[in-house]
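Enquirer: Got a structure for you, model10.tsv, holding TSV, C-alpha atoms.
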chain	number	residue	atom	x	y	z
B	1	MET	CA	-114.17	-48.93	-12.26
B	2	PRO	CA	-115.07	-50.29	-15.73
B	3	HIS	CA	-113.77	-53.80	-16.28
B	4	PHE	CA	-114.13	-56.72	-18.67
B	5	SER	CA	-113.46	-60.43	-18.10
B	6	PHE	CA	-112.76	-62.92	-20.86
B	7	HIS	CA	-111.07	-66.26	-21.51
B	8	SER	CA	-107.58	-66.48	-23.00
B	9	PRO	CA	-105.05	-69.26	-23.66
B	10	VAL	CA	-103.51	-68.52	-20.24
B	11	GLY	CA	-106.82	-68.62	-18.38
B	12	ASP	CA	-109.46	-66.06	-17.51
B	13	LEU	CA	-108.31	-62.43	-17.51
B	14	THR	CA	-109.94	-59.21	-16.37
B	15	LEU	CA	-109.00	-55.79	-17.69
B	16	PHE	CA	-109.67	-52.65	-15.65
B	17	GLU	CA	-109.93	-49.11	-16.96
B	18	GLU	CA	-109.71	-45.77	-15.19
B	19	ASP	CA	-109.69	-42.31	-16.80
B	20	ASP	CA	-109.54	-43.79	-20.32
B	21	GLN	CA	-106.44	-45.85	-19.54
B	22	ILE	CA	-105.88	-49.54	-18.86
B	23	VAL	CA	-104.67	-49.74	-15.25
B	24	SER	CA	-104.78	-53.45	-14.48
B	25	LEU	CA	-104.90	-56.89	-16.03
B	26	ASP	CA	-105.85	-59.44	-13.37
B	27	TRP	CA	-105.76	-63.22	-13.51
B	28	GLY	CA	-109.28	-64.60	-13.13
B	29	ARG	CA	-112.81	-63.29	-13.57
B	30	ALA	CA	-114.59	-60.36	-11.95
B	31	ALA	CA	-118.30	-59.66	-11.65
B	32	ALA	CA	-120.04	-58.91	-14.93
B	33	SER	CA	-119.66	-55.42	-16.37
B	34	THR	CA	-120.40	-53.68	-19.63
B	35	PRO	CA	-117.05	-53.24	-21.40
B	36	SER	CA	-116.01	-49.87	-22.78
B	37	SER	CA	-114.66	-49.47	-26.30
B	38	LEU	CA	-111.14	-49.24	-24.82
B	39	LEU	CA	-111.53	-52.55	-22.95
B	40	LEU	CA	-112.88	-54.20	-26.12
B	41	GLU	CA	-109.89	-52.86	-28.07
B	42	ALA	CA	-107.51	-54.20	-25.41
B	43	LYS	CA	-109.14	-57.64	-25.64
B	44	LYS	CA	-108.87	-57.52	-29.45
B	45	GLN	CA	-105.16	-56.73	-29.21
B	46	LEU	CA	-104.61	-59.48	-26.63
B	47	ASP	CA	-106.42	-61.95	-28.91
B	48	LEU	CA	-104.12	-60.96	-31.80
B	49	TYR	CA	-101.08	-61.33	-29.52
B	50	PHE	CA	-102.15	-64.84	-28.50
B	51	GLU	CA	-102.67	-65.71	-32.18
B	52	GLY	CA	-99.09	-64.60	-32.90
B	53	LEU	CA	-100.30	-61.69	-35.05
B	54	LEU	CA	-99.42	-58.74	-32.76
B	55	ARG	CA	-96.02	-57.94	-31.30
B	56	VAL	CA	-96.55	-54.44	-29.87
B	57	PHE	CA	-99.62	-53.30	-27.95
B	58	ASN	CA	-100.99	-49.89	-28.85
B	59	LEU	CA	-103.04	-49.02	-25.77
B	60	PRO	CA	-103.05	-46.22	-23.22
B	61	LEU	CA	-101.52	-47.92	-20.18
B	62	SER	CA	-101.20	-46.51	-16.68
B	63	PRO	CA	-99.79	-49.19	-14.36
B	64	LEU	CA	-100.71	-49.01	-10.71
B	65	GLY	CA	-97.95	-48.73	-8.12
B	66	THR	CA	-95.26	-46.50	-6.72
B	67	ASP	CA	-93.08	-44.22	-8.82
B	68	PHE	CA	-90.32	-46.86	-8.67
B	69	GLN	CA	-92.69	-49.64	-9.77
B	70	ARG	CA	-93.83	-47.49	-12.70
B	71	GLU	CA	-90.17	-46.83	-13.60
B	72	VAL	CA	-89.55	-50.58	-13.70
B	73	CYS	CA	-92.71	-51.02	-15.81
B	74	LEU	CA	-91.38	-48.45	-18.28
B	75	ALA	CA	-88.07	-50.34	-18.50
B	76	MET	CA	-89.90	-53.66	-19.01
B	77	SER	CA	-92.12	-52.17	-21.70
B	78	GLN	CA	-88.99	-51.42	-23.74
B	79	ILE	CA	-87.96	-55.10	-23.96
B	80	PRO	CA	-88.75	-56.13	-27.55
B	81	TYR	CA	-91.06	-59.01	-28.41
B	82	GLY	CA	-89.15	-62.30	-28.43
B	83	GLN	CA	-86.25	-60.98	-26.35
B	84	THR	CA	-85.40	-61.21	-22.68
B	85	ARG	CA	-83.44	-59.18	-20.16
B	86	SER	CA	-82.29	-60.02	-16.66
B	87	TYR	CA	-83.42	-58.37	-13.45
B	88	GLY	CA	-79.83	-57.11	-13.16
B	89	ASP	CA	-79.93	-55.61	-16.67
B	90	LEU	CA	-83.03	-53.61	-15.77
B	91	ALA	CA	-81.52	-52.62	-12.42
B	92	ARG	CA	-78.42	-51.22	-14.16
B	93	ASP	CA	-80.62	-49.34	-16.65
B	94	ILE	CA	-82.52	-47.54	-13.91
B	95	GLY	CA	-79.80	-47.35	-11.24
B	96	SER	CA	-81.28	-49.81	-8.77
B	97	ALA	CA	-80.73	-53.29	-7.36
B	98	ALA	CA	-81.83	-56.52	-9.04
B	99	ARG	CA	-83.84	-57.63	-6.01
B	100	ALA	CA	-85.81	-54.37	-5.96
B	101	VAL	CA	-86.50	-54.73	-9.68
B	102	GLY	CA	-87.68	-58.30	-9.12
B	103	GLN	CA	-90.08	-57.16	-6.42
B	104	ALA	CA	-91.43	-54.42	-8.68
B	105	CYS	CA	-91.84	-56.94	-11.52
B	106	SER	CA	-93.89	-59.16	-9.22
B	107	ARG	CA	-96.24	-56.23	-8.57
B	108	ASN	CA	-96.73	-55.35	-12.26
B	109	SER	CA	-100.44	-54.52	-12.54
B	110	LEU	CA	-100.39	-55.06	-16.32
B	111	PRO	CA	-98.78	-58.46	-16.98
B	112	ILE	CA	-98.56	-59.44	-20.65
B	113	LEU	CA	-99.28	-55.83	-21.72
B	114	ILE	CA	-96.14	-54.74	-19.84
B	115	PRO	CA	-93.99	-57.82	-20.46
B	116	CYS	CA	-92.62	-58.88	-17.07
B	117	HIS	CA	-92.53	-62.41	-18.55
B	118	ARG	CA	-89.52	-61.25	-20.59
B	119	VAL	CA	-87.44	-60.69	-17.43
B	120	LEU	CA	-85.27	-63.62	-16.29
B	121	ALA	CA	-82.71	-64.30	-13.59
B	122	ALA	CA	-79.08	-63.57	-14.47
B	123	ASN	CA	-78.35	-67.29	-14.83
B	124	GLY	CA	-81.21	-67.72	-17.33
B	125	ALA	CA	-83.66	-69.24	-14.86
B	126	LEU	CA	-87.24	-68.08	-15.28
B	127	GLY	CA	-87.60	-66.66	-11.77
B	128	GLY	CA	-91.22	-66.19	-10.73
B	129	TYR	CA	-94.45	-65.18	-12.42
B	130	SER	CA	-97.84	-63.98	-11.28
B	131	GLY	CA	-99.90	-65.93	-13.82
B	132	ILE	CA	-102.48	-68.49	-12.74
B	133	GLU	CA	-100.08	-71.32	-13.58
B	134	GLY	CA	-96.99	-69.40	-12.42
B	135	ILE	CA	-93.82	-70.39	-14.24
B	136	ASP	CA	-95.80	-72.47	-16.75
B	137	THR	CA	-97.65	-69.32	-17.83
B	138	LYS	CA	-94.34	-67.46	-18.18
B	139	ARG	CA	-92.91	-70.36	-20.20
B	140	TYR	CA	-96.02	-70.34	-22.45
B	141	LEU	CA	-95.76	-66.59	-23.13
B	142	LEU	CA	-92.04	-66.82	-23.89
B	143	GLY	CA	-92.67	-69.80	-26.17
B	144	LEU	CA	-95.39	-67.88	-27.97
B	145	GLU	CA	-92.79	-65.19	-28.67
B	146	GLY	CA	-90.24	-67.75	-29.89
B	147	VAL	CA	-87.92	-67.52	-26.86
B	148	GLU	CA	-86.17	-70.81	-26.19
B	149	ILE	CA	-85.60	-71.55	-22.50
B	150	ARG	CA	-82.61	-73.83	-22.04
B	151	HIS	CA	-81.69	-73.38	-18.40
B	152	PRO	CA	-82.14	-76.56	-16.30
B	153	LEU	CA	-83.47	-74.63	-13.30
B	154	SER	CA	-86.21	-72.92	-15.32
B	155	ARG	CA	-88.86	-75.29	-13.91
B	156	ARG	CA	-88.13	-74.14	-10.36
B	157	ARG	CA	-91.22	-72.78	-8.61
Produce structure tokens that represent the structure in this file.

Expert:
Amino acid sequence: MPHFSFHSPVGDLTLFEEDDQIVSLDWGRAAASTPSSLLLEAKKQLDLYFEGLLRVFNLPLSPLGTDFQREVCLAMSQIPYGQTRSYGDLARDIGSAARAVGQACSRNSLPILIPCHRVLAANGALGGYSGIEGIDTKRYLLGLEGVEIRHPLSRRR
């Protein structure tokens, strides 16, 4: 599977492509590979996002997972830049339970590109995050987007 590793403000990332679609963004580095034009474009868009110059990714994405996980990914991808929703909000939108949505969020194969960092607990707490630095990575991404986190339990790990 074609892939490309690079450094970002949130640590090393590796993009994976299958059938001309981005299927995974993993935390950390993978063995060297020659990047495709799609992977180079994805890196370019991520660089612009981290510079605060891009708010919407324009990439062919195909998240890995079950039909339900992909449904949750679709709901997350509709959360606008700089805004948040709760797990319960997403659950109501798709007719599910907040806990099931939270579990699907934790399995998002395309973090950042599909913005699971924009999903918070109902009480405003950050919940969890898959990034290398966990909640600190989520806090960084939300801060980058101008989201102010005020909840006292948001540092909970």

Enquirer: With only C-alpha atoms as the counted atoms, please give the residues lying no more than 10 Å from segment 7-20 of chain B, apart from itself and same-chain residues fewer than 6 positions off, as a PyMOL selection string.

Expert: chain B and resi 1+26-31+35-40+42-43+46-47+50-51+59-62+109-110+131-133+136-138+140-141

Enquirer: Using all atoms listed in the file, find the one residue out of B:Ala125, B:Arg85, B:Ala100, B:Leu113 that sits nearest to Tyr49 of chain B.

Expert: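 For Tyr49 of chain B, the nearest of the candidates is B:Leu113.
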
Enquirer: Quick one: everything within 12 Å of Asp89 of chain B, counting all atoms listed in the file, minus sequence neighbours fewer than 3 positions away in the same chain. Send it as a PDB file with C-alpha atoms, in the frame of the given file.

Expert:
ATOM      1  CA  VAL B  72     -89.550 -50.580 -13.700  1.00  0.00           C
ATOM      2  CA  ALA B  75     -88.070 -50.340 -18.500  1.00  0.00           C
ATOM      3  CA  MET B  76     -89.900 -53.660 -19.010  1.00  0.00           C
ATOM      4  CA  ILE B  79     -87.960 -55.100 -23.960  1.00  0.00           C
ATOM      5  CA  THR B  84     -85.400 -61.210 -22.680  1.00  0.00           C
ATOM      6  CA  ARG B  85     -83.440 -59.180 -20.160  1.00  0.00           C
ATOM      7  CA  SER B  86     -82.290 -60.020 -16.660  1.00  0.00           C
ATOM      8  CA  ARG B  92     -78.420 -51.220 -14.160  1.00  0.00           C
ATOM      9  CA  ASP B  93     -80.620 -49.340 -16.650  1.00  0.00           C
ATOM     10  CA  ILE B  94     -82.520 -47.540 -13.910  1.00  0.00           C
ATOM     11  CA  GLY B  95     -79.800 -47.350 -11.240  1.00  0.00           C
ATOM     12  CA  SER B  96     -81.280 -49.810  -8.770  1.00  0.00           C
ATOM     13  CA  ALA B  97     -80.730 -53.290  -7.360  1.00  0.00           C
ATOM     14  CA  ALA B  98     -81.830 -56.520  -9.040  1.00  0.00           C
ATOM     15  CA  ARG B  99     -83.840 -57.630  -6.010  1.00  0.00           C
ATOM     16  CA  VAL B 101     -86.500 -54.730  -9.680  1.00  0.00           C
ATOM     17  CA  GLY B 102     -87.680 -58.300  -9.120  1.00  0.00           C
ATOM     18  CA  ARG B 118     -89.520 -61.250 -20.590  1.00  0.00           C
ATOM     19  CA  VAL B 119     -87.440 -60.690 -17.430  1.00  0.00           C
ATOM     20  CA  LEU B 120     -85.270 -63.620 -16.290  1.00  0.00           C
ATOM     21  CA  ALA B 121     -82.710 -64.300 -13.590  1.00  0.00           C
ATOM     22  CA  ALA B 122     -79.080 -63.570 -14.470  1.00  0.00           C
ATOM     23  CA  ASN B 123     -78.350 -67.290 -14.830  1.00  0.00           C
TER      24      ASN B 123
END

Enquirer: Nearest residue to Leu74 of chain B out of B:Leu90, B:Leu126, B:Val147, B:Leu142, using all atoms listed in the file?

Expert: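 Nearest candidate to Leu74 of chain B out of B:Leu90, B:Leu126, B:Val147, B:Leu142: B:Leu90.
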
Enquirer: Return the single residue from B:Pro80, B:Pro63, B:Gly128, B:Gly134 that is closest to Ser106 of chain B, with distances computed using all atoms listed in the file.

Expert: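 Answer, going by the shortest atom-to-atom distance: B:Gly128.
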
Enquirer: Quick one, how far is atom CA of Arg70 of chain B from atom CA of Glu148 of chain B?

Expert: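 One can read the atom CA of Arg70 of chain B to atom CA of Glu148 of chain B distance as 28.0 Å.
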
Enquirer: What does the structure give for the distance between atom CA of Thr66 of chain B and atom CA of Lys44 of chain B, in Å to one decimal?

Expert: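 Atom CA of Lys44 of chain B lies 28.7 Å from atom CA of Thr66 of chain B.
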
Enquirer: Of the residues B:Gln83, B:Gln69, B:Ser77, B:Thr34, which is the one nearest to Asn108 of chain B, using all atoms listed in the file?

Expert: B:Gln69

Enquirer: Suppose you want the space between atom CA of Val56 of chain B and atom CA of Leu144 of chain B; what is it in Å?

Expert: 13.6 Å

Enquirer: Write out as lines of an AutoDock Vina configuration file an axis-aligned box for segment 52-71 of chain B: all of its atoms listed in the file, 3 Å added on each side, centre and edge lengths in Å with one decimal.

Expert:
center_x = -96.6
center_y = -54.4
center_z = -20.9
size_x = 18.9
size_y = 26.4
size_z = 34.3

Enquirer: So, counting all atoms listed in the file, which residue among B:His3, B:Asp67, B:Gln103, B:Gly146 is closest to Cys116 of chain B?

Expert: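 Result for the nearest residue to Cys116 of chain B: B:Gln103.
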
Enquirer: Compare B:Ile135, B:Ile112, B:Leu25, B:Ile149 by their minimum atom-to-atom distance to Leu64 of chain B, counting only C-alpha atoms, and give me the closest one.

Expert: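 Of the candidates, the smallest distance to Leu64 of chain B is held by B:Leu25.
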
Enquirer: Since the input lacks atoms, please generate N, CA, C and O atoms for segment 112-126 of chain B and provide them as a PDB file, in the coordinates of the input.

Expert:
ATOM      1  N   ILE B 112     -98.394 -59.211 -19.210  1.00  0.00           N
ATOM      2  CA  ILE B 112     -98.560 -59.440 -20.650  1.00  0.00           C
ATOM      3  C   ILE B 112     -98.455 -58.102 -21.386  1.00  0.00           C
ATOM      4  O   ILE B 112     -97.597 -57.948 -22.254  1.00  0.00           O
ATOM      5  N   LEU B 113     -99.313 -57.131 -21.055  1.00  0.00           N
ATOM      6  CA  LEU B 113     -99.280 -55.830 -21.720  1.00  0.00           C
ATOM      7  C   LEU B 113     -97.963 -55.106 -21.436  1.00  0.00           C
ATOM      8  O   LEU B 113     -97.385 -54.469 -22.317  1.00  0.00           O
ATOM      9  N   ILE B 114     -97.496 -55.174 -20.204  1.00  0.00           N
ATOM     10  CA  ILE B 114     -96.140 -54.740 -19.840  1.00  0.00           C
ATOM     11  C   ILE B 114     -95.412 -56.046 -19.532  1.00  0.00           C
ATOM     12  O   ILE B 114     -95.708 -56.721 -18.551  1.00  0.00           O
ATOM     13  N   PRO B 115     -94.480 -56.441 -20.403  1.00  0.00           N
ATOM     14  CA  PRO B 115     -93.990 -57.820 -20.460  1.00  0.00           C
ATOM     15  C   PRO B 115     -93.007 -58.248 -19.379  1.00  0.00           C
ATOM     16  O   PRO B 115     -91.835 -58.517 -19.646  1.00  0.00           O
ATOM     17  N   CYS B 116     -93.485 -58.382 -18.150  1.00  0.00           N
ATOM     18  CA  CYS B 116     -92.620 -58.880 -17.070  1.00  0.00           C
ATOM     19  C   CYS B 116     -92.196 -60.320 -17.338  1.00  0.00           C
ATOM     20  O   CYS B 116     -91.198 -60.775 -16.781  1.00  0.00           O
ATOM     21  N   HIS B 117     -92.924 -61.036 -18.214  1.00  0.00           N
ATOM     22  CA  HIS B 117     -92.530 -62.410 -18.550  1.00  0.00           C
ATOM     23  C   HIS B 117     -91.209 -62.441 -19.322  1.00  0.00           C
ATOM     24  O   HIS B 117     -90.568 -63.476 -19.385  1.00  0.00           O
ATOM     25  N   ARG B 118     -90.780 -61.318 -19.842  1.00  0.00           N
ATOM     26  CA  ARG B 118     -89.520 -61.250 -20.590  1.00  0.00           C
ATOM     27  C   ARG B 118     -88.312 -60.991 -19.688  1.00  0.00           C
ATOM     28  O   ARG B 118     -87.194 -60.835 -20.178  1.00  0.00           O
ATOM     29  N   VAL B 119     -88.529 -60.947 -18.375  1.00  0.00           N
ATOM     30  CA  VAL B 119     -87.440 -60.690 -17.430  1.00  0.00           C
ATOM     31  C   VAL B 119     -87.072 -62.000 -16.738  1.00  0.00           C
ATOM     32  O   VAL B 119     -87.927 -62.667 -16.157  1.00  0.00           O
ATOM     33  N   LEU B 120     -85.782 -62.358 -16.838  1.00  0.00           N
ATOM     34  CA  LEU B 120     -85.270 -63.620 -16.290  1.00  0.00           C
ATOM     35  C   LEU B 120     -84.190 -63.347 -15.260  1.00  0.00           C
ATOM     36  O   LEU B 120     -83.648 -62.242 -15.184  1.00  0.00           O
ATOM     37  N   ALA B 121     -83.847 -64.380 -14.516  1.00  0.00           N
ATOM     38  CA  ALA B 121     -82.710 -64.300 -13.590  1.00  0.00           C
ATOM     39  C   ALA B 121     -81.420 -64.216 -14.398  1.00  0.00           C
ATOM     40  O   ALA B 121     -81.376 -64.604 -15.571  1.00  0.00           O
ATOM     41  N   ALA B 122     -80.363 -63.738 -13.789  1.00  0.00           N
ATOM     42  CA  ALA B 122     -79.080 -63.570 -14.470  1.00  0.00           C
ATOM     43  C   ALA B 122     -78.548 -64.877 -15.039  1.00  0.00           C
ATOM     44  O   ALA B 122     -77.904 -64.898 -16.082  1.00  0.00           O
ATOM     45  N   ASN B 123     -78.847 -65.996 -14.371  1.00  0.00           N
ATOM     46  CA  ASN B 123     -78.350 -67.290 -14.830  1.00  0.00           C
ATOM     47  C   ASN B 123     -79.271 -67.931 -15.874  1.00  0.00           C
ATOM     48  O   ASN B 123     -79.077 -69.069 -16.266  1.00  0.00           O
ATOM     49  N   GLY B 124     -80.296 -67.201 -16.312  1.00  0.00           N
ATOM     50  CA  GLY B 124     -81.210 -67.720 -17.330  1.00  0.00           C
ATOM     51  C   GLY B 124     -82.431 -68.421 -16.775  1.00  0.00           C
ATOM     52  O   GLY B 124     -83.321 -68.802 -17.532  1.00  0.00           O
ATOM     53  N   ALA B 125     -82.483 -68.614 -15.460  1.00  0.00           N
ATOM     54  CA  ALA B 125     -83.660 -69.240 -14.860  1.00  0.00           C
ATOM     55  C   ALA B 125     -84.856 -68.307 -15.013  1.00  0.00           C
ATOM     56  O   ALA B 125     -84.711 -67.089 -15.087  1.00  0.00           O
ATOM     57  N   LEU B 126     -86.039 -68.876 -15.052  1.00  0.00           N
ATOM     58  CA  LEU B 126     -87.240 -68.080 -15.280  1.00  0.00           C
ATOM     59  C   LEU B 126     -87.587 -67.154 -14.123  1.00  0.00           C
ATOM     60  O   LEU B 126     -88.246 -66.145 -14.332  1.00  0.00           O
TER      61      LEU B 126
END
